[in-house]
$ cat entry-v4.tsv   # TSV, C-alpha atoms and all ligand atoms
chain	number	residue	atom	x	y	z
A	1	MET	CA	12.63	-21.73	-18.94
A	2	LYS	CA	9.57	-19.63	-19.03
A	3	ASP	CA	6.23	-21.23	-19.67
A	4	HIS	CA	7.38	-24.77	-19.07
A	5	GLY	CA	6.91	-25.07	-15.39
A	6	SER	CA	10.55	-24.83	-14.41
A	7	THR	CA	11.41	-23.85	-10.89
A	8	VAL	CA	14.61	-22.44	-9.51
A	9	THR	CA	16.34	-23.57	-6.37
A	10	THR	CA	18.04	-20.31	-5.51
A	11	SER	CA	16.86	-18.43	-2.48
A	12	ALA	CA	14.03	-15.99	-2.94
A	13	GLY	CA	15.69	-13.75	-0.41
A	14	GLU	CA	15.25	-10.59	-2.41
A	15	THR	CA	12.43	-8.32	-1.42
A	16	PRO	CA	9.51	-8.81	-3.82
A	17	ALA	CA	9.15	-5.77	-6.07
A	18	ALA	CA	6.18	-3.43	-5.94
A	19	ALA	CA	4.59	-4.94	-2.84
A	20	SER	CA	1.04	-3.61	-2.65
A	21	LEU	CA	-0.47	-5.86	-0.04
A	22	PRO	CA	-3.06	-4.83	2.50
A	23	ASP	CA	-2.20	-5.16	6.21
A	24	THR	CA	-4.55	-8.09	6.55
A	25	VAL	CA	-5.85	-10.64	4.06
A	26	ARG	CA	-9.23	-12.38	4.30
A	27	ALA	CA	-8.99	-16.11	3.81
A	28	ALA	CA	-11.36	-19.09	4.04
A	29	VAL	CA	-9.46	-21.47	6.33
A	30	SER	CA	-10.64	-25.07	6.11
A	31	LEU	CA	-10.18	-27.10	9.29
A	32	PRO	CA	-9.52	-30.79	9.97
A	33	ASP	CA	-13.10	-31.20	11.26
A	34	SER	CA	-14.46	-30.40	7.77
A	35	THR	CA	-15.64	-26.89	8.55
A	36	THR	CA	-14.39	-23.59	7.15
A	37	THR	CA	-14.05	-20.20	8.85
A	38	VAL	CA	-13.14	-16.86	7.34
A	39	GLN	CA	-10.08	-15.42	9.09
A	40	THR	CA	-7.94	-12.34	8.62
A	41	ILE	CA	-4.27	-13.19	8.20
A	42	ASP	CA	-1.24	-10.92	8.41
A	43	PRO	CA	0.79	-11.48	5.21
A	44	GLU	CA	3.96	-10.26	6.93
A	45	GLY	CA	4.63	-13.85	8.02
A	46	ALA	CA	5.75	-14.66	4.48
A	47	THR	CA	9.46	-14.16	4.98
A	48	SER	CA	10.43	-16.25	1.94
A	49	ALA	CA	7.68	-15.24	-0.49
A	50	ALA	CA	8.83	-15.07	-4.11
A	51	GLY	CA	5.84	-12.91	-4.94
A	52	TRP	CA	2.16	-12.33	-4.28
A	53	LEU	CA	-0.96	-13.01	-6.29
A	54	LYS	CA	-4.26	-11.16	-6.01
A	55	VAL	CA	-6.74	-14.02	-6.45
A	56	GLU	CA	-9.36	-13.57	-9.15
A	57	SER	CA	-10.88	-17.05	-8.94
A	58	SER	CA	-10.33	-20.44	-7.35
A	59	ALA	CA	-12.33	-23.19	-9.01
A	60	LEU	CA	-13.40	-26.13	-6.90
A	61	CYS	CA	-12.81	-29.71	-8.04
A	62	GLY	CA	-13.44	-33.23	-6.78
A	63	THR	CA	-10.01	-33.42	-5.15
A	64	ASP	CA	-11.02	-30.53	-2.86
A	65	LEU	CA	-14.16	-32.37	-1.80
A	66	ASP	CA	-12.21	-35.60	-1.14
A	67	LEU	CA	-9.57	-33.82	0.94
A	68	TYR	CA	-12.18	-31.88	2.88
A	69	GLN	CA	-14.39	-34.87	3.56
A	70	HIS	CA	-11.58	-37.17	4.66
A	71	GLY	CA	-10.06	-34.62	7.03
A	72	LEU	CA	-7.26	-32.16	6.35
A	73	ALA	CA	-4.06	-32.70	8.35
A	74	HIS	CA	-3.86	-28.99	9.25
A	75	PRO	CA	-5.96	-25.83	8.99
A	76	THR	CA	-5.50	-24.98	5.32
A	77	VAL	CA	-6.41	-22.28	2.83
A	78	MET	CA	-7.63	-24.60	0.09
A	79	GLY	CA	-8.14	-23.88	-3.61
A	80	HIS	CA	-5.74	-25.21	-6.25
A	81	HIS	CA	-7.21	-24.12	-9.61
A	82	VAL	CA	-6.18	-20.52	-9.15
A	83	ILE	CA	-6.26	-17.51	-11.49
A	84	GLY	CA	-5.02	-14.11	-10.41
A	85	GLU	CA	-2.91	-11.03	-10.95
A	86	ILE	CA	0.70	-10.76	-9.81
A	87	VAL	CA	0.97	-7.83	-7.42
A	88	SER	CA	4.56	-8.28	-6.30
A	89	LEU	CA	7.51	-10.29	-7.48
A	90	SER	CA	11.15	-10.90	-6.55
A	91	PRO	CA	13.56	-9.89	-9.34
A	92	VAL	CA	14.91	-13.43	-9.78
A	93	MET	CA	11.41	-14.87	-10.22
A	94	GLN	CA	10.46	-12.06	-12.60
A	95	TRP	CA	13.30	-13.32	-14.78
A	96	SER	CA	12.63	-17.03	-14.20
A	97	TRP	CA	8.88	-16.87	-14.82
A	98	ASP	CA	9.15	-14.15	-17.51
A	99	VAL	CA	6.25	-12.27	-15.96
A	100	ALA	CA	5.80	-8.81	-14.49
A	101	VAL	CA	3.72	-7.17	-11.81
A	102	GLY	CA	0.24	-6.69	-13.27
A	103	ASP	CA	0.31	-9.90	-15.35
A	104	ARG	CA	-2.68	-12.22	-15.16
A	105	VAL	CA	-1.67	-15.84	-14.62
A	106	ALA	CA	-2.99	-19.35	-14.01
A	107	LEU	CA	-1.19	-21.40	-11.36
A	108	GLU	CA	-0.52	-25.11	-11.52
A	109	GLU	CA	-1.16	-26.94	-8.26
A	110	TYR	CA	2.21	-28.68	-8.23
A	111	LEU	CA	5.06	-27.26	-6.16
A	112	PRO	CA	7.87	-29.52	-7.46
A	113	CYS	CA	11.25	-29.54	-5.71
A	114	GLY	CA	13.15	-28.39	-8.83
A	115	LEU	CA	16.32	-30.21	-7.76
A	116	PRO	CA	18.60	-31.55	-10.52
A	117	THR	CA	18.82	-34.83	-8.60
A	118	CYS	CA	15.05	-35.35	-8.92
A	119	ASP	CA	14.11	-37.62	-11.86
A	120	ALA	CA	10.80	-35.85	-12.47
A	121	CYS	CA	12.08	-32.29	-12.07
A	122	SER	CA	15.13	-32.85	-14.27
A	123	LYS	CA	12.83	-33.27	-17.29
A	124	PRO	CA	10.83	-30.29	-18.53
A	125	ASP	CA	7.36	-31.81	-18.77
A	126	ILE	CA	6.88	-34.38	-16.01
A	127	TYR	CA	7.56	-32.30	-12.90
A	128	ARG	CA	4.05	-33.16	-11.77
A	129	PHE	CA	5.43	-36.58	-10.82
A	130	CYS	CA	7.96	-35.03	-8.39
A	131	PRO	CA	7.57	-36.94	-5.09
A	132	ASP	CA	7.31	-33.61	-3.26
A	133	ALA	CA	4.26	-32.59	-5.32
A	134	ASP	CA	2.57	-36.01	-5.28
A	135	LEU	CA	-1.00	-36.00	-4.00
A	136	TRP	CA	-0.26	-39.35	-2.32
A	137	GLY	CA	3.28	-38.34	-1.32
A	138	GLY	CA	4.81	-35.04	-0.25
A	139	GLN	CA	1.61	-33.08	-0.90
A	140	ARG	CA	3.57	-29.88	-1.64
A	141	ARG	CA	0.70	-28.41	-3.57
A	142	VAL	CA	-1.19	-25.18	-3.88
A	143	GLY	CA	-4.20	-25.40	-1.58
A	144	MET	CA	-2.70	-28.19	0.56
A	145	LEU	CA	0.00	-26.49	2.67
A	146	GLY	CA	-1.15	-25.69	6.20
A	147	THR	CA	-1.57	-22.22	7.67
A	148	HIS	CA	1.42	-22.91	9.96
A	149	GLU	CA	3.81	-22.49	7.00
A	150	GLY	CA	5.02	-18.99	6.13
A	151	SER	CA	2.12	-16.58	5.85
A	152	GLY	CA	-0.33	-19.50	5.72
A	153	LEU	CA	-1.72	-18.09	2.48
A	154	HIS	CA	-0.94	-20.96	0.09
A	155	GLY	CA	-4.31	-21.55	-1.58
A	156	GLY	CA	-6.75	-19.73	-3.80
A	157	ASN	CA	-9.56	-19.39	-1.25
A	158	ALA	CA	-8.19	-16.04	-0.06
A	159	GLU	CA	-7.92	-12.48	-1.31
A	160	TYR	CA	-4.17	-12.87	-1.85
A	161	MET	CA	-1.82	-15.82	-1.92
A	162	GLU	CA	1.90	-16.22	-1.47
A	163	LEU	CA	3.97	-17.44	-4.43
A	164	SER	CA	7.06	-19.53	-3.77
A	165	THR	CA	10.08	-20.33	-5.93
A	166	GLN	CA	8.41	-23.70	-6.56
A	167	THR	CA	5.27	-22.10	-8.03
A	168	VAL	CA	4.54	-23.04	-11.66
A	169	LEU	CA	2.52	-20.47	-13.57
A	170	HIS	CA	1.32	-19.60	-17.06
A	171	LYS	CA	0.42	-16.18	-18.44
A	172	LEU	CA	-3.23	-15.61	-19.35
A	173	PRO	CA	-4.58	-13.13	-21.90
A	174	ARG	CA	-5.90	-10.10	-20.07
A	175	ASP	CA	-9.16	-10.12	-22.07
A	176	LEU	CA	-10.03	-13.80	-21.56
A	177	ASP	CA	-13.52	-14.01	-20.05
A	178	SER	CA	-13.29	-14.66	-16.31
A	179	ASN	CA	-15.70	-17.63	-16.38
A	180	LEU	CA	-13.70	-19.29	-19.14
A	181	ALA	CA	-10.39	-18.46	-17.45
A	182	ALA	CA	-11.55	-20.41	-14.39
A	183	TRP	CA	-11.63	-23.54	-16.63
A	184	THR	CA	-7.93	-23.26	-17.51
A	185	GLN	CA	-6.61	-26.14	-15.35
A	186	PRO	CA	-9.42	-28.74	-15.64
A	187	PHE	CA	-9.77	-28.06	-19.37
A	188	ALA	CA	-6.00	-28.57	-19.70
A	189	ASN	CA	-6.41	-31.97	-18.00
A	190	ALA	CA	-9.11	-32.86	-20.51
A	191	VAL	CA	-7.01	-31.65	-23.46
A	192	ASP	CA	-4.25	-34.01	-22.34
A	193	TRP	CA	-6.58	-36.96	-21.68
A	194	VAL	CA	-8.81	-36.67	-24.76
A	195	ILE	CA	-6.48	-35.21	-27.41
A	196	ASN	CA	-2.82	-35.73	-26.46
A	197	ILE	CA	-3.20	-39.17	-24.85
A	198	GLY	CA	-6.55	-40.38	-26.18
A	199	GLY	CA	-5.66	-39.30	-29.71
A	200	ALA	CA	-9.02	-37.66	-30.53
A	201	THR	CA	-8.89	-35.74	-33.75
A	202	SER	CA	-11.17	-34.36	-36.42
A	203	GLY	CA	-13.91	-36.89	-37.16
A	204	SER	CA	-13.30	-38.99	-34.03
A	205	ARG	CA	-16.07	-40.65	-32.06
A	206	VAL	CA	-15.56	-40.03	-28.33
A	207	ALA	CA	-17.38	-41.52	-25.33
A	208	ILE	CA	-17.10	-39.96	-21.89
A	209	ILE	CA	-18.17	-41.79	-18.75
A	210	GLY	CA	-19.38	-39.28	-16.15
A	211	PRO	CA	-20.71	-35.73	-16.80
A	212	GLY	CA	-18.88	-34.18	-13.81
A	213	TYR	CA	-16.29	-31.41	-13.72
A	214	HIS	CA	-13.75	-33.29	-15.81
A	215	GLY	CA	-16.41	-35.05	-17.90
A	216	ILE	CA	-17.77	-31.69	-19.04
A	217	ALA	CA	-14.20	-30.48	-19.66
A	218	ALA	CA	-13.67	-33.64	-21.73
A	219	VAL	CA	-16.72	-32.79	-23.87
A	220	ALA	CA	-15.12	-29.39	-24.52
A	221	ALA	CA	-11.80	-31.05	-25.43
A	222	ALA	CA	-13.53	-33.49	-27.81
A	223	ARG	CA	-15.31	-30.53	-29.44
A	224	ALA	CA	-12.02	-28.67	-29.76
A	225	ALA	CA	-10.49	-31.75	-31.44
A	226	GLY	CA	-13.27	-31.69	-34.03
A	227	ALA	CA	-14.91	-34.94	-32.89
A	228	ASP	CA	-17.79	-36.10	-35.10
A	229	GLU	CA	-19.75	-37.57	-32.24
A	230	ILE	CA	-19.51	-37.21	-28.47
A	231	VAL	CA	-21.50	-39.53	-26.21
A	232	VAL	CA	-21.70	-38.87	-22.46
A	233	LEU	CA	-22.94	-41.42	-19.92
A	234	GLY	CA	-24.39	-40.30	-16.59
A	235	ARG	CA	-26.63	-41.52	-13.81
A	236	ASN	CA	-30.29	-40.80	-13.15
A	237	SER	CA	-29.75	-38.44	-10.18
A	238	ARG	CA	-30.76	-34.76	-10.05
A	239	THR	CA	-27.15	-33.60	-10.32
A	240	SER	CA	-26.23	-36.02	-13.07
A	241	ARG	CA	-29.34	-35.28	-15.15
A	242	ASP	CA	-28.64	-31.52	-14.92
A	243	ARG	CA	-25.04	-32.09	-15.96
A	244	LEU	CA	-26.09	-34.32	-18.86
A	245	GLU	CA	-28.28	-31.45	-20.06
A	246	ILE	CA	-25.23	-29.19	-20.00
A	247	ALA	CA	-23.29	-31.78	-22.05
A	248	GLN	CA	-26.19	-31.90	-24.49
A	249	ALA	CA	-26.17	-28.10	-24.82
A	250	MET	CA	-22.48	-28.42	-25.70
A	251	GLY	CA	-23.35	-30.77	-28.55
A	252	ALA	CA	-23.03	-34.22	-26.94
A	253	SER	CA	-25.46	-37.12	-27.16
A	254	ILE	CA	-26.40	-38.29	-23.69
A	255	VAL	CA	-27.13	-41.67	-22.13
A	256	VAL	CA	-28.65	-42.26	-18.70
A	257	ASN	CA	-27.22	-45.43	-17.22
A	258	ASP	CA	-27.49	-46.28	-13.53
A	259	ASP	CA	-25.95	-49.71	-13.73
A	260	ALA	CA	-22.15	-49.56	-13.90
A	261	ALA	CA	-22.04	-53.22	-14.94
A	262	SER	CA	-24.05	-52.40	-18.05
A	263	THR	CA	-21.75	-49.58	-19.18
A	264	SER	CA	-20.31	-51.70	-21.96
A	265	LEU	CA	-23.80	-52.60	-23.20
A	266	ALA	CA	-24.86	-48.93	-23.10
A	267	LEU	CA	-21.79	-47.92	-25.08
A	268	GLY	CA	-22.44	-50.77	-27.50
A	269	ARG	CA	-25.89	-49.40	-28.24
A	270	HIS	CA	-24.41	-46.00	-29.02
A	271	GLY	CA	-21.14	-47.10	-30.57
A	272	LYS	CA	-22.76	-48.14	-33.84
A	273	ALA	CA	-20.90	-50.81	-35.77
A	274	THR	CA	-17.57	-49.07	-35.68
A	275	GLY	CA	-17.18	-48.24	-32.01
A	276	PHE	CA	-15.34	-45.32	-30.44
A	277	ASP	CA	-11.89	-43.92	-31.07
A	278	VAL	CA	-11.59	-42.76	-27.48
A	279	ILE	CA	-13.44	-43.73	-24.31
A	280	VAL	CA	-12.62	-41.62	-21.24
A	281	ASP	CA	-13.66	-42.86	-17.81
A	282	THR	CA	-13.71	-39.82	-15.54
A	283	VAL	CA	-15.40	-41.55	-12.60
A	284	GLY	CA	-13.29	-44.66	-12.01
A	285	LEU	CA	-15.65	-47.47	-12.92
A	286	GLY	CA	-12.86	-50.04	-12.74
A	287	GLY	CA	-13.85	-53.37	-14.28
A	288	PRO	CA	-16.92	-52.13	-16.17
A	289	ALA	CA	-14.78	-49.46	-17.85
A	290	LEU	CA	-12.23	-52.05	-18.93
A	291	GLN	CA	-14.99	-54.13	-20.49
A	292	ALA	CA	-15.85	-51.09	-22.61
A	293	THR	CA	-12.69	-51.75	-24.63
A	294	GLU	CA	-14.96	-54.08	-26.64
A	295	HIS	CA	-16.39	-50.93	-28.17
A	296	LEU	CA	-13.14	-49.32	-29.25
A	297	ARG	CA	-12.31	-48.91	-32.88
A	298	LYS	CA	-9.02	-50.34	-34.14
A	299	LEU	CA	-6.17	-48.40	-32.48
A	300	GLY	CA	-8.71	-46.88	-30.10
A	301	ARG	CA	-7.85	-45.85	-26.56
A	302	LEU	CA	-9.50	-46.27	-23.21
A	303	VAL	CA	-8.33	-43.44	-20.92
A	304	LEU	CA	-8.74	-44.09	-17.20
A	305	ALA	CA	-8.88	-40.82	-15.28
A	306	GLY	CA	-10.68	-41.99	-12.15
A	307	LEU	CA	-9.73	-44.30	-9.32
A	308	GLY	CA	-12.28	-47.06	-9.07
A	309	ASP	CA	-12.41	-49.89	-6.58
A	310	THR	CA	-14.69	-52.17	-8.59
A	311	PRO	CA	-12.77	-55.39	-9.17
A	312	VAL	CA	-11.84	-56.27	-12.73
A	313	THR	CA	-13.70	-59.47	-13.51
A	314	GLU	CA	-13.20	-59.98	-17.18
A	315	VAL	CA	-11.24	-58.27	-19.92
A	316	ASN	CA	-11.29	-59.64	-23.43
A	317	LEU	CA	-7.61	-59.79	-24.30
A	318	LYS	CA	-8.38	-60.95	-27.83
A	319	THR	CA	-10.30	-57.71	-28.44
A	320	LEU	CA	-7.46	-55.66	-27.02
A	321	VAL	CA	-4.75	-57.35	-29.08
A	322	ARG	CA	-6.71	-57.67	-32.32
A	323	GLY	CA	-7.83	-54.06	-32.06
A	324	ALA	CA	-4.33	-52.84	-31.15
A	325	SER	CA	-6.18	-50.97	-28.41
A	326	GLY	CA	-4.56	-48.90	-25.71
A	327	VAL	CA	-5.56	-48.68	-22.07
A	328	VAL	CA	-3.85	-45.85	-20.23
A	329	GLY	CA	-4.12	-44.22	-16.83
A	330	VAL	CA	-3.75	-40.43	-16.65
A	331	ARG	CA	-2.89	-37.97	-13.90
A	332	GLY	CA	-3.03	-34.19	-14.13
A	333	ARG	CA	-1.68	-32.67	-17.31
A	334	SER	CA	1.46	-31.70	-19.15
A	335	PRO	CA	2.53	-28.03	-19.31
A	336	GLN	CA	1.96	-28.17	-23.08
A	337	ALA	CA	-1.69	-29.06	-22.45
A	338	LEU	CA	-2.02	-26.00	-20.25
A	339	THR	CA	-0.66	-23.77	-23.00
A	340	ARG	CA	-3.10	-25.38	-25.47
A	341	SER	CA	-5.97	-24.98	-23.00
A	342	ILE	CA	-5.34	-21.25	-22.78
A	343	GLU	CA	-5.17	-20.93	-26.59
A	344	LEU	CA	-8.44	-22.83	-27.09
A	345	LEU	CA	-10.27	-20.91	-24.34
A	346	ALA	CA	-9.11	-17.63	-25.90
A	347	ALA	CA	-10.44	-18.84	-29.30
A	348	HIS	CA	-13.93	-19.23	-27.75
A	349	ASP	CA	-14.65	-22.58	-29.34
A	350	THR	CA	-14.94	-24.98	-26.42
A	351	GLY	CA	-18.66	-24.83	-25.60
A	352	LEU	CA	-17.77	-24.16	-21.95
A	353	GLU	CA	-19.76	-20.92	-22.11
A	354	HIS	CA	-22.85	-23.19	-21.87
A	355	VAL	CA	-21.86	-24.27	-18.33
A	356	PRO	CA	-23.53	-22.13	-15.63
A	357	SER	CA	-20.96	-20.66	-13.25
A	358	ILE	CA	-21.76	-20.87	-9.53
A	359	ASP	CA	-19.84	-17.96	-8.00
A	360	VAL	CA	-19.28	-17.95	-4.25
A	361	GLY	CA	-17.53	-15.44	-1.98
A	362	LEU	CA	-15.24	-16.46	0.90
A	363	ASP	CA	-18.14	-16.27	3.38
A	364	GLY	CA	-20.00	-18.91	1.38
A	365	VAL	CA	-17.24	-21.54	1.30
A	366	ASP	CA	-18.35	-23.41	4.46
A	367	GLU	CA	-21.94	-23.77	3.24
A	368	LEU	CA	-20.74	-24.62	-0.25
A	369	PHE	CA	-18.65	-27.58	0.94
A	370	ARG	CA	-21.45	-28.76	3.24
A	371	THR	CA	-24.13	-28.70	0.55
A	372	LEU	CA	-21.92	-30.28	-2.09
A	373	LEU	CA	-21.08	-33.14	0.27
A	374	ASP	CA	-24.70	-33.77	1.29
A	375	ARG	CA	-25.69	-33.48	-2.40
A	376	SER	CA	-28.08	-30.58	-1.85
A	377	GLY	CA	-25.72	-28.08	-3.46
A	378	PRO	CA	-25.61	-26.66	-6.98
A	379	SER	CA	-25.58	-29.23	-9.76
A	380	SER	CA	-23.42	-27.27	-12.20
A	381	PRO	CA	-19.88	-28.64	-11.97
A	382	HIS	CA	-18.42	-25.15	-12.47
A	383	VAL	CA	-18.18	-23.81	-8.91
A	384	VAL	CA	-15.85	-20.85	-8.53
A	385	ILE	CA	-14.75	-19.12	-5.35
A	386	ARG	CA	-14.27	-15.42	-6.02
A	387	PRO	CA	-12.69	-13.65	-3.01
A	388	SER	CA	-13.80	-10.25	-4.29
A	389	LEU	CA	-17.51	-11.12	-3.83
B	401	ZN	ZN	-8.20	-30.21	-9.12
B	402	ZN	ZN	11.28	-32.87	-7.83
$ encode --input "entry-v4.tsv" --output "structure tokens" --more "lines below"
Ligand SMILES: [Zn+2]
Ligand SMILES: [Zn+2]
Amino acid sequence: MKDHGSTVTTSAGETPAAASLPDTVRAAVSLPDSTTTVQTIDPEGATSAAGWLKVESSALCGTDLDLYQHGLAHPTVMGHHVIGEIVSLSPVMQWSWDVAVGDRVALEEYLPCGLPTCDACSKPDIYRFCPDADLWGGQRRVGMLGTHEGSGLHGGNAEYMELSTQTVLHKLPRDLDSNLAAWTQPFANAVDWVINIGGATSGSRVAIIGPGYHGIAAVAAARAAGADEIVVLGRNSRTSRDRLEIAQAMGASIVVNDDAASTSLALGRHGKATGFDVIVDTVGLGGPALQATEHLRKLGRLVLAGLGDTPVTEVNLKTLVRGASGVVGVRGRSPQALTRSIELLAAHDTGLEHVPSIDVGLDGVDELFRTLLDRSGPSSPHVVIRPSL
């Protein structure tokens, strides 16, 4: 299979074709004490590499901040929303991935086992649930493997990264704007959550809780679906207000709401008589999000994309049953959503061009993490590490 995320289990013993690697590779290595240093790494340690990628961009998301803040298990080259150009490739992976040296690709973060005995990997579109690739399980993921494995270059925060036989990748158009290309993976998540799972379509009314990285991507997905109205709820902090302004520039109506418990009331005020077709909680409000089901239209869907720890106090089952409403948790995205994400980005109709891009070189990664965690950093959610800077 080509663009469906399949992996092969044969050895990648062949020498990757057209190797054009430098003797040393600069990489931002993040340490268990939540600091990052730039190191030069010898790529020769990659004895089982299936290929090499020259990294164009590595976009930062909330998972990176969580991992960094809570302490990495090993020194790690992080970065899991990676775009780049293939600079070398083993013949078997050239065939398996249907790509060639010089192709521009987007990587998925999952490194699924690919074994026929694995329930998730034996189906074409749910390999992201492979226990090996689980964020709370095997953690075999791009940007999570330690520097002690192979070359150590397994994340996007480096000039080059090693590709393995487990790598899942998708071809990108060569002329796709670099800022838009860096949205490929989070926008694919939003396409799955808002359109494929939430069911948003032309004329839909969509509410999005949280104007963060995935909230903004969800606005773009709702736009791409042809939604009639998009309402975004955010808090009254500097970062949130700036992000709400971005959502507004993309065509959304915005609501400032600092009280999670009043989320349902806030949505009620903006849901008009008919309510919403889709409500997406990107922050994990927990109970308050579930109460928002009161403001779903018939057959509407509440999509839970965040992990909240607020206890669920009250859910109106009558509303859920009478409205034939759906409540669904989501994780990552299907490979089909990634393909659709690339098509929509190439069509230039997502509104994501309104989101300022914060571009940072490898030397700026340590400060970037520090300022994002102490909330003094940039407020745009589109933060992109570009090793060439
Ligand atoms: Zn991510
Ligand atoms: Zn598997």
$ atom_distance --input "entry-v4.tsv" --atom1 "CA of Asn316 in chain A" --atom2 "CA of Leu302 in chain A"
13.5 Å
$ residues_near_ligand --input "entry-v4.tsv" --ligand "ligand ZN 401 (chain B)" --cutoff "12 Å" --atoms "all atoms listed in the file" --output "JSON, numbers by chain"
{"A": [58, 59, 60, 61, 62, 63, 64, 65, 66, 67, 78, 79, 80, 81, 82, 107, 108, 109, 110, 135, 141, 142, 143, 144, 156, 182, 183, 184, 185, 186, 187, 188, 189, 190, 213, 214, 331, 332, 333, 382, 383]}
$ residues_near_ligand --input "entry-v4.tsv" --ligand "ligand ZN 402 (chain B)" --cutoff "6 Å" --atoms "all atoms listed in the file" --output "short mmCIF file (atom, residue, chain, number, x, y, z; two decimals) with C-alpha atoms, in the frame of the given file"
data_model
loop_
_atom_site.label_atom_id
_atom_site.label_comp_id
_atom_site.auth_asym_id
_atom_site.auth_seq_id
_atom_site.Cartn_x
_atom_site.Cartn_y
_atom_site.Cartn_z
CA PRO A 112 7.87 -29.52 -7.46
CA CYS A 113 11.25 -29.54 -5.71
CA GLY A 114 13.15 -28.39 -8.83
CA LEU A 115 16.32 -30.21 -7.76
CA CYS A 118 15.05 -35.35 -8.92
CA ALA A 120 10.80 -35.85 -12.47
CA CYS A 121 12.08 -32.29 -12.07
CA CYS A 130 7.96 -35.03 -8.39
#
$ residues_around --input "entry-v4.tsv" --residues "Ile41 in chain A" --least-positions-apart "3" --cutoff "10 Å" --atoms "only C-alpha atoms" --output "PDB file with C-alpha atoms, keeping the file's coordinate frame"
ATOM      1  CA  ASP A  23      -2.200  -5.160   6.210  1.00  0.00           C
ATOM      2  CA  THR A  24      -4.550  -8.090   6.550  1.00  0.00           C
ATOM      3  CA  VAL A  25      -5.850 -10.640   4.060  1.00  0.00           C
ATOM      4  CA  ARG A  26      -9.230 -12.380   4.300  1.00  0.00           C
ATOM      5  CA  ALA A  27      -8.990 -16.110   3.810  1.00  0.00           C
ATOM      6  CA  VAL A  29      -9.460 -21.470   6.330  1.00  0.00           C
ATOM      7  CA  VAL A  38     -13.140 -16.860   7.340  1.00  0.00           C
ATOM      8  CA  GLU A  44       3.960 -10.260   6.930  1.00  0.00           C
ATOM      9  CA  GLY A  45       4.630 -13.850   8.020  1.00  0.00           C
ATOM     10  CA  THR A 147      -1.570 -22.220   7.670  1.00  0.00           C
ATOM     11  CA  SER A 151       2.120 -16.580   5.850  1.00  0.00           C
ATOM     12  CA  GLY A 152      -0.330 -19.500   5.720  1.00  0.00           C
ATOM     13  CA  LEU A 153      -1.720 -18.090   2.480  1.00  0.00           C
ATOM     14  CA  ALA A 158      -8.190 -16.040  -0.060  1.00  0.00           C
TER      15      ALA A 158
END
$ residues_near_point --input "entry-v4.tsv" --point "(-18.0, -49.6, -13.9)" --cutoff "8 Å" --atoms "all atoms listed in the file" --output "ChimeraX atom specification"
/A:259-263,284-289,308,310
$ closest_residue --input "entry-v4.tsv" --among "A:Ser253, A:Ser178, A:Asn157, A:Ser164" --to "Asp228 in chain A" --atoms "all atoms listed in the file"
A:Ser253
$ atom_distance --input "entry-v4.tsv" --atom1 "CA of Glu229 in chain A" --atom2 "CA of Lys298 in chain A"
16.8 Å
$ residues_around --input "entry-v4.tsv" --residues "Trp52 in chain A" --least-positions-apart "4" --cutoff "7 Å" --atoms "only C-alpha atoms" --output "list in words"
Ile86, Val87, Ser88, Leu89, Tyr160, Met161, Glu162 and Leu163 of chain A
